[in-house]
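Enquirer: Please read through the structure below; I'll follow up with questions.
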Amino acid sequence: MPAPLDQALALLTAGELVGIPTETVYGLAADASNPAAVAKIFALKGRPADHPVIVHIAGSAQLSAWAMDIPAAAWQLAEAFWPGPLTLILKRLPHVPDAVTGGQNTVGLRAPAHPLTQELLQRFGGGLAAPSANRFGHVSPTTAQHVIDEFGDGLALVLDGGPCDVGVESTIVSLIDGTPKLLRPGGIAREEIEALLGIKLEHHSKASTAGVRASGLLDSHYSPRTPLITGKLPDLLTAMLEKQQNGKKVVLLFHGIWPDHYPDLPRQQLPDDPVDYARQLYATLRRFDRLGFDELLLEAAPQAAEWLAIQDRVTRAAHGKIAD
């Protein structure tokens, strides 16, 4: 039996798909230079054909194989944060397949930090298109088992690299004009990027306002199949009691302090540290999604800079919100 990395290389070279670990979430990988292989990603995920995928490369030495007119800021960011959870949106070279870019003149590039996938990329030599390894719009996977649960026999191989260290997707920065723009907050903090570049980043949470479509920017994304409702803890507690009285099976996912005067309601405490919270969020949503609840109630993230990526994911994952 070939070693898993050898199996992965053989499958990718043959135009097949492989589940791969990264420090952010697990990816569904195909040879980015092979449009037929990339089309298999879209078919398996059920992903819209005009929705671009990120190309994973070994490092900054491969930037010029995929992008042109690369600004100095891109080299700065790659030098500082690659390998790592940062995706750069750049002008594509003509040979980059439309299947990867969604027909746009831009391409998203990232060098993942996971040692197993780094070795895979070094040996593969090219780029791997690798959106998250889940059905389109569903909660992203952070373990190999999540990927197996998602696709079963529909995927020949998942490289098991253990649980993801970061747990939410990469930060996406667009560098296609003179003003760097934050399209998606993620594993690299906005403040770190601003400190490096010496400028304030424009933040465009919707792709249309930034003039580019990019991965993970749809209003509804990262969602469990069980309805997910967010709000402040006191409002969720009140709503939970009402829902239980109406016969609903609900659970409360919270990170604050459980009030002493409330009864022993079904609940799960998440970490109050944003790094640990991000690492556990998707796995927690997936676990409770499988337990037969009618609704999941999730305490809203704090309004603080270090919680920005989590705020983004929770907003997109939620089916509704209990207003103040």
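In the structure tokens, each chain is lettered A, B, ... as it comes, each chain's residues begin at 1, and ligands are numbered from 1 in order of appearance.
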Which residues are close to range 130-146 of chain A, i.e. within 6 Å by only C-alpha atoms, leaving aside same-chain residues fewer than 6 positions away? Reply as a PDB file with N, CA and C atoms, in the first residue's frame.

Expert:
ATOM      1  N   VAL A  25      -8.963  25.256   7.736  1.00  0.00           N
ATOM      2  CA  VAL A  25      -9.954  24.186   7.659  1.00  0.00           C
ATOM      3  C   VAL A  25      -9.439  23.172   6.629  1.00  0.00           C
ATOM      4  N   TYR A  26     -10.088  22.019   6.566  1.00  0.00           N
ATOM      5  CA  TYR A  26      -9.712  21.031   5.546  1.00  0.00           C
ATOM      6  C   TYR A  26     -10.201  21.489   4.173  1.00  0.00           C
ATOM      7  N   GLY A  27      -9.385  21.214   3.154  1.00  0.00           N
ATOM      8  CA  GLY A  27      -9.712  21.614   1.798  1.00  0.00           C
ATOM      9  C   GLY A  27     -10.011  20.415   0.915  1.00  0.00           C
ATOM     10  N   LEU A  28     -10.770  20.667  -0.155  1.00  0.00           N
ATOM     11  CA  LEU A  28     -11.066  19.676  -1.184  1.00  0.00           C
ATOM     12  C   LEU A  28     -10.222  20.038  -2.397  1.00  0.00           C
ATOM     13  N   ALA A  29      -9.139  19.295  -2.604  1.00  0.00           N
ATOM     14  CA  ALA A  29      -8.079  19.731  -3.510  1.00  0.00           C
ATOM     15  C   ALA A  29      -8.142  19.040  -4.866  1.00  0.00           C
ATOM     16  N   LYS A  45     -19.087  19.422  -4.337  1.00  0.00           N
ATOM     17  CA  LYS A  45     -19.550  20.374  -3.331  1.00  0.00           C
ATOM     18  C   LYS A  45     -20.957  20.902  -3.613  1.00  0.00           C
ATOM     19  N   GLY A  46     -21.376  20.885  -4.891  1.00  0.00           N
ATOM     20  CA  GLY A  46     -22.605  21.567  -5.265  1.00  0.00           C
ATOM     21  C   GLY A  46     -22.417  23.071  -5.262  1.00  0.00           C
ATOM     22  N   ARG A  47     -21.243  23.503  -5.697  1.00  0.00           N
ATOM     23  CA  ARG A  47     -20.839  24.912  -5.635  1.00  0.00           C
ATOM     24  C   ARG A  47     -21.161  25.606  -6.954  1.00  0.00           C
ATOM     25  N   VAL A  53     -12.363  29.700  -6.562  1.00  0.00           N
ATOM     26  CA  VAL A  53     -11.706  28.910  -5.523  1.00  0.00           C
ATOM     27  C   VAL A  53     -10.288  29.436  -5.330  1.00  0.00           C
ATOM     28  N   ASP A 160      -5.129  12.773   6.727  1.00  0.00           N
ATOM     29  CA  ASP A 160      -5.464  13.121   8.112  1.00  0.00           C
ATOM     30  C   ASP A 160      -4.296  13.864   8.745  1.00  0.00           C
ATOM     31  N   PRO A 163      -6.673  17.815  14.013  1.00  0.00           N
ATOM     32  CA  PRO A 163      -7.544  18.995  14.063  1.00  0.00           C
ATOM     33  C   PRO A 163      -6.819  20.250  13.585  1.00  0.00           C
ATOM     34  N   CYS A 164      -7.548  21.130  12.926  1.00  0.00           N
ATOM     35  CA  CYS A 164      -6.961  22.373  12.414  1.00  0.00           C
ATOM     36  C   CYS A 164      -6.607  23.319  13.556  1.00  0.00           C
ATOM     37  N   HIS A 221     -23.518  31.317   4.623  1.00  0.00           N
ATOM     38  CA  HIS A 221     -22.376  30.438   4.429  1.00  0.00           C
ATOM     39  C   HIS A 221     -22.026  29.830   5.785  1.00  0.00           C
ATOM     40  N   TYR A 222     -21.288  28.749   5.794  1.00  0.00           N
ATOM     41  CA  TYR A 222     -20.797  28.121   7.028  1.00  0.00           C
ATOM     42  C   TYR A 222     -21.927  27.648   7.949  1.00  0.00           C
ATOM     43  N   SER A 223     -23.097  27.336   7.369  1.00  0.00           N
ATOM     44  CA  SER A 223     -24.293  27.116   8.187  1.00  0.00           C
ATOM     45  C   SER A 223     -24.526  25.659   8.538  1.00  0.00           C
ATOM     46  N   PRO A 224     -24.927  25.388   9.786  1.00  0.00           N
ATOM     47  CA  PRO A 224     -25.428  24.051  10.099  1.00  0.00           C
ATOM     48  C   PRO A 224     -26.794  23.852   9.440  1.00  0.00           C
TER      49      PRO A 224
END

Enquirer: Identify, on the basis of only C-alpha atoms, every residue whose closest approach to range 59-67 of chain A does not exceed 7 Å; exclude the query and any residue fewer than 4 positions from it along the same chain; express the result as a PyMOL selection string.

Expert: chain A and resi 78+82-83+90-93+96+111

Enquirer: Could you pull out all residues of range 53-269 of chain A with a DSSP call of strand (DSSP E) and give them as a ChimeraX atom specification?

Expert: /A:55-56,67-68,86-92,106-110,128-129,171-174,181-184,202-203,228-231,250-254,267-269

Enquirer: Just list the residues in range 101-277 of chain A DSSP gives helix (DSSP H, G or I) on the backbone, as number ranges by chain.

Expert: A: 101, 115-124, 144-154, 190-197, 207-210, 233-245, 274-277

Enquirer: Using N, CA and C atoms, can you write the selected residues to a file as a compact mmCIF listing (two decimals), in the first residue's frame?

Expert:
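Dumped to part.txt:
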# COMPACT_ATOMS: atom_id res chain seq x y z
N THR A 101 -11.04 30.81 -11.37
CA THR A 101 -11.28 32.23 -11.08
C THR A 101 -12.73 32.65 -11.18
N PRO A 115 2.17 21.26 7.82
CA PRO A 115 3.36 20.60 7.28
C PRO A 115 3.05 19.49 6.28
N LEU A 116 1.97 18.76 6.47
CA LEU A 116 1.63 17.68 5.55
C LEU A 116 1.28 18.24 4.16
N THR A 117 0.47 19.30 4.14
CA THR A 117 0.09 19.90 2.86
C THR A 117 1.24 20.68 2.26
N GLN A 118 2.10 21.26 3.10
CA GLN A 118 3.30 21.90 2.57
C GLN A 118 4.16 20.89 1.82
N GLU A 119 4.35 19.72 2.40
CA GLU A 119 5.13 18.68 1.73
C GLU A 119 4.45 18.23 0.44
N LEU A 120 3.13 18.09 0.50
CA LEU A 120 2.37 17.72 -0.70
C LEU A 120 2.57 18.74 -1.82
N LEU A 121 2.48 20.02 -1.49
CA LEU A 121 2.64 21.07 -2.49
C LEU A 121 4.06 21.10 -3.04
N GLN A 122 5.04 20.93 -2.18
CA GLN A 122 6.43 20.91 -2.63
C GLN A 122 6.65 19.78 -3.63
N ARG A 123 6.09 18.62 -3.33
CA ARG A 123 6.26 17.48 -4.21
C ARG A 123 5.40 17.58 -5.47
N PHE A 124 4.23 18.16 -5.34
CA PHE A 124 3.34 18.29 -6.50
C PHE A 124 3.90 19.28 -7.52
N ALA A 144 -10.33 15.43 9.77
CA ALA A 144 -10.50 14.50 8.65
C ALA A 144 -11.84 13.79 8.72
N GLN A 145 -12.29 13.47 9.93
CA GLN A 145 -13.57 12.77 10.08
C GLN A 145 -14.72 13.63 9.58
N HIS A 146 -14.65 14.95 9.80
CA HIS A 146 -15.69 15.84 9.26
C HIS A 146 -15.80 15.69 7.75
N VAL A 147 -14.66 15.58 7.07
CA VAL A 147 -14.66 15.45 5.61
C VAL A 147 -15.28 14.11 5.21
N ILE A 148 -14.91 13.06 5.92
CA ILE A 148 -15.47 11.73 5.65
C ILE A 148 -16.98 11.74 5.90
N ASP A 149 -17.41 12.38 6.98
CA ASP A 149 -18.84 12.50 7.27
C ASP A 149 -19.57 13.21 6.13
N GLU A 150 -18.91 14.19 5.55
CA GLU A 150 -19.54 15.03 4.52
C GLU A 150 -19.69 14.28 3.20
N PHE A 151 -18.65 13.56 2.79
CA PHE A 151 -18.63 13.01 1.43
C PHE A 151 -18.65 11.48 1.36
N GLY A 152 -18.33 10.80 2.46
CA GLY A 152 -18.36 9.34 2.45
C GLY A 152 -17.49 8.77 1.35
N ASP A 153 -18.08 7.84 0.59
CA ASP A 153 -17.34 7.18 -0.48
C ASP A 153 -17.16 8.06 -1.72
N GLY A 154 -17.71 9.27 -1.69
CA GLY A 154 -17.58 10.16 -2.84
C GLY A 154 -16.19 10.76 -2.98
N ARG A 190 -6.50 41.80 11.12
CA ARG A 190 -6.46 43.02 10.31
C ARG A 190 -5.36 43.97 10.80
N GLU A 191 -5.20 44.07 12.12
CA GLU A 191 -4.24 45.01 12.69
C GLU A 191 -2.80 44.63 12.33
N GLU A 192 -2.53 43.32 12.22
CA GLU A 192 -1.19 42.87 11.84
C GLU A 192 -0.86 43.30 10.42
N ILE A 193 -1.85 43.18 9.54
CA ILE A 193 -1.65 43.57 8.14
C ILE A 193 -1.46 45.08 8.03
N GLU A 194 -2.29 45.83 8.75
CA GLU A 194 -2.18 47.28 8.72
C GLU A 194 -0.83 47.75 9.26
N ALA A 195 -0.36 47.10 10.32
CA ALA A 195 0.94 47.48 10.89
C ALA A 195 2.07 47.22 9.90
N LEU A 196 1.98 46.13 9.16
CA LEU A 196 3.03 45.80 8.20
C LEU A 196 3.03 46.77 7.03
N LEU A 197 1.84 47.07 6.50
CA LEU A 197 1.74 47.93 5.31
C LEU A 197 1.77 49.41 5.65
N ALA A 207 -18.54 40.99 -1.53
CA ALA A 207 -17.65 40.95 -2.68
C ALA A 207 -18.02 42.00 -3.72
N SER A 208 -19.33 42.24 -3.89
CA SER A 208 -19.76 43.16 -4.94
C SER A 208 -19.23 44.57 -4.72
N THR A 209 -19.09 44.97 -3.48
CA THR A 209 -18.65 46.34 -3.21
C THR A 209 -17.16 46.51 -3.47
N ALA A 210 -16.42 45.39 -3.53
CA ALA A 210 -14.99 45.46 -3.77
C ALA A 210 -14.64 45.19 -5.23
N LEU A 233 -26.85 36.85 25.34
CA LEU A 233 -27.19 35.74 26.23
C LEU A 233 -28.52 35.93 26.96
N PRO A 234 -28.81 37.09 27.57
CA PRO A 234 -30.10 37.22 28.26
C PRO A 234 -31.29 37.01 27.33
N ASP A 235 -31.19 37.53 26.10
CA ASP A 235 -32.30 37.37 25.15
C ASP A 235 -32.45 35.91 24.73
N LEU A 236 -31.33 35.22 24.57
CA LEU A 236 -31.39 33.81 24.18
C LEU A 236 -31.96 32.95 25.31
N LEU A 237 -31.62 33.28 26.55
CA LEU A 237 -32.17 32.53 27.68
C LEU A 237 -33.68 32.67 27.75
N THR A 238 -34.17 33.88 27.56
CA THR A 238 -35.62 34.10 27.55
C THR A 238 -36.27 33.33 26.42
N ALA A 239 -35.67 33.42 25.23
CA ALA A 239 -36.22 32.72 24.06
C ALA A 239 -36.19 31.21 24.26
N MET A 240 -35.15 30.71 24.91
CA MET A 240 -35.01 29.27 25.12
C MET A 240 -36.15 28.73 25.99
N LEU A 241 -36.46 29.44 27.06
CA LEU A 241 -37.54 29.00 27.94
C LEU A 241 -38.87 28.98 27.19
N GLU A 242 -39.10 30.00 26.38
CA GLU A 242 -40.35 30.06 25.59
C GLU A 242 -40.41 28.91 24.59
N LYS A 243 -39.29 28.65 23.92
CA LYS A 243 -39.27 27.58 22.92
C LYS A 243 -39.50 26.22 23.58
N GLN A 244 -38.91 26.01 24.76
CA GLN A 244 -39.13 24.75 25.47
C GLN A 244 -40.59 24.59 25.88
N GLN A 245 -41.21 25.67 26.30
CA GLN A 245 -42.62 25.61 26.67
C GLN A 245 -43.49 25.25 25.46
N PRO A 274 -10.75 34.20 22.03
CA PRO A 274 -11.12 34.11 20.62
C PRO A 274 -10.33 33.08 19.82
N VAL A 275 -9.07 32.86 20.18
CA VAL A 275 -8.27 31.86 19.46
C VAL A 275 -8.82 30.46 19.70
N ASP A 276 -9.07 30.13 20.96
CA ASP A 276 -9.62 28.81 21.29
C ASP A 276 -11.05 28.67 20.78
N TYR A 277 -11.81 29.76 20.83
CA TYR A 277 -13.19 29.74 20.34
C TYR A 277 -13.22 29.40 18.86

Enquirer: Could you please determine the separation between CA of Thr106 in chain A and CA of Lys200 in chain A in Å, to one decimal place?

Expert: 22.5 Å

Enquirer: Select, from A:Phe42, A:Asp273, A:Leu109, A:Asp294, the residue with the minimum atom-to-atom distance to Asn246 in chain A, counting only C-alpha atoms.

Expert: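 Between A:Phe42, A:Asp273, A:Leu109, A:Asp294, the residue approaching Asn246 in chain A most closely is A:Asp294.
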
Enquirer: Kindly give the distance, in Å, that separates CA of Lys232 in chain A and CA of His204 in chain A, rounded to a single decimal.

Expert: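 Separation between CA of Lys232 in chain A and CA of His204 in chain A: 25.1 Å.
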
Enquirer: Write out as an MDAnalysis selection string the residues lying within 6 Å of range 299-304 of chain A, counting only C-alpha atoms and excluding same-chain residues fewer than 2 positions away.

Expert: chainID A and resid 230:233 254 306:307 311

Enquirer: Could you work out how far CA of Gly162 in chain A lies from CA of Ala80 in chain A, giving the answer in Å with one decimal?

Expert: 25.4 Å

Enquirer: Residues within 10 Å of Pro71 in chain A, please, as a list in words. Count only C-alpha atoms; anything in the same chain fewer than 4 positions from it doesn't count.

Expert: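 Returned residues: Trp75, Gln76, Leu90, Lys91, Leu175, Ile176, Asp177 and Gly178 of chain A.
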
Enquirer: Once you have the residues from the selection above, write them out as a compact mmCIF listing (two decimals), in the first residue's frame, restricted to N, CA and C atoms.

Expert:
# COMPACT_ATOMS: atom_id res chain seq x y z
N TRP A 75 4.26 41.11 -2.07
CA TRP A 75 5.52 40.47 -1.66
C TRP A 75 5.76 40.67 -0.16
N GLN A 76 5.43 41.87 0.34
CA GLN A 76 5.58 42.14 1.78
C GLN A 76 4.72 41.18 2.60
N LEU A 90 -5.04 38.77 -6.58
CA LEU A 90 -4.14 39.44 -7.51
C LEU A 90 -4.65 39.27 -8.94
N LYS A 91 -4.08 40.05 -9.87
CA LYS A 91 -4.44 39.89 -11.28
C LYS A 91 -3.88 38.56 -11.78
N LEU A 175 -5.57 42.96 -3.68
CA LEU A 175 -4.48 43.88 -4.05
C LEU A 175 -4.54 44.19 -5.54
N ILE A 176 -5.76 44.27 -6.08
CA ILE A 176 -5.88 44.44 -7.53
C ILE A 176 -5.90 45.90 -7.96
N ASP A 177 -5.95 46.81 -7.02
CA ASP A 177 -5.80 48.22 -7.39
C ASP A 177 -4.90 48.89 -6.35
N GLY A 178 -4.85 50.18 -6.32
CA GLY A 178 -3.89 50.87 -5.46
C GLY A 178 -4.20 50.82 -3.98

Enquirer: Using only C-alpha atoms, determine which residues lie at most 7 Å from Leu252 in chain A, disregarding the query and same-chain residues fewer than 2 positions distant; provide the list as a list in words.

Expert: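 Result of the neighbour search: Val250, Phe254, Pro266, Arg267, Gln268, Leu296, Leu297 and Leu298 of chain A.
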
Enquirer: Next, the residues of the selection above should be written as a tab-separated table (two decimals), in the first residue's frame with N, CA and C atoms.

Expert:
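In the end it all went to part.tsv:
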chain	number	residue	atom	x	y	z
A	250	VAL	N	-34.20	22.52	22.08
A	250	VAL	CA	-33.19	23.53	21.76
A	250	VAL	C	-31.99	23.39	22.70
A	254	PHE	N	-22.84	28.94	24.41
A	254	PHE	CA	-22.51	30.25	24.99
A	254	PHE	C	-21.03	30.27	25.37
A	266	PRO	N	-30.28	22.61	28.58
A	266	PRO	CA	-29.30	22.03	27.66
A	266	PRO	C	-28.37	23.12	27.12
A	267	ARG	N	-27.08	22.93	27.34
A	267	ARG	CA	-26.15	23.99	26.95
A	267	ARG	C	-24.76	23.42	26.72
A	268	GLN	N	-23.93	24.19	26.04
A	268	GLN	CA	-22.52	23.87	25.82
A	268	GLN	C	-21.73	25.16	25.91
A	296	LEU	N	-30.55	25.62	17.23
A	296	LEU	CA	-29.34	25.89	18.00
A	296	LEU	C	-29.32	27.38	18.30
A	297	LEU	N	-29.14	27.73	19.57
A	297	LEU	CA	-29.04	29.13	19.98
A	297	LEU	C	-27.58	29.42	20.30
A	298	LEU	N	-27.03	30.45	19.67
A	298	LEU	CA	-25.60	30.76	19.82
A	298	LEU	C	-25.41	32.18	20.30

Enquirer: For a quick check of understanding, using only C-alpha atoms, which of A:Leu291, A:His255, A:Ala317, A:Thr284 has the smallest distance to Pro271 in chain A?

Expert: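 Answer, going by the shortest atom-to-atom distance: A:His255.
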
Enquirer: Got a sec: who's within 10 Å of Ser174 in chain A, counting only C-alpha atoms, leaving out chain neighbours fewer than 5 positions off, as a compact mmCIF listing (two decimals) with C-alpha atoms, in the first residue's frame?

Expert:
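Final output, around-v5.txt:
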# COMPACT_ATOMS: atom_id res chain seq x y z
CA ALA A 74 1.87 41.41 -2.04
CA THR A 87 -5.11 34.75 0.85
CA LEU A 88 -4.06 37.43 -1.64
CA ILE A 89 -6.31 38.45 -4.53
CA LEU A 90 -4.14 39.44 -7.51
CA LYS A 91 -4.44 39.89 -11.28
CA THR A 106 -8.23 37.87 -10.64
CA VAL A 107 -6.98 34.86 -8.72
CA GLY A 108 -6.81 34.09 -4.99
CA THR A 179 -5.81 50.37 -2.21
CA PRO A 180 -5.51 47.05 -0.33
CA LYS A 181 -8.93 45.85 0.78
CA LEU A 182 -9.90 43.39 3.49
CA LEU A 183 -12.53 41.14 1.94
CA ARG A 184 -12.76 38.50 4.66
CA LEU A 201 -7.36 48.59 5.25
CA GLU A 202 -10.69 49.25 3.63
CA HIS A 204 -15.52 45.18 2.23
CA ALA A 210 -14.99 45.46 -3.77
CA GLY A 211 -15.41 44.70 -7.47
CA VAL A 212 -14.34 41.07 -7.06
CA ALA A 214 -14.02 35.82 -3.65

Enquirer: Skip Ala49 in chain A itself and residues of its chain fewer than 4 positions away, then list as number ranges by chain all residues within 10 Å of it, counting only C-alpha atoms.

Expert: A: 39, 41-43, 53, 98-103

Enquirer: Between A:Ile70, A:Leu86, A:Leu281, A:Leu155, which has the minimum distance to Ile20 in chain A (counting only C-alpha atoms)?

Expert: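 Among A:Ile70, A:Leu86, A:Leu281, A:Leu155, it is A:Leu155 that comes nearest to Ile20 in chain A.
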
Enquirer: Considering only C-alpha atoms, can you say which of A:Ile54, A:Met68, A:Leu308, A:Val314 comes closest to Ile172 in chain A?

Expert: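 Looking at the shortest contact to Ile172 in chain A, the residue is A:Ile54.
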
Enquirer: Using only C-alpha atoms for the distances, tell me which of A:Leu77, A:Ala113, A:Leu5, A:Ile310 is nearest to Gly198 in chain A.

Expert: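 Answer, going by the shortest atom-to-atom distance: A:Leu77.
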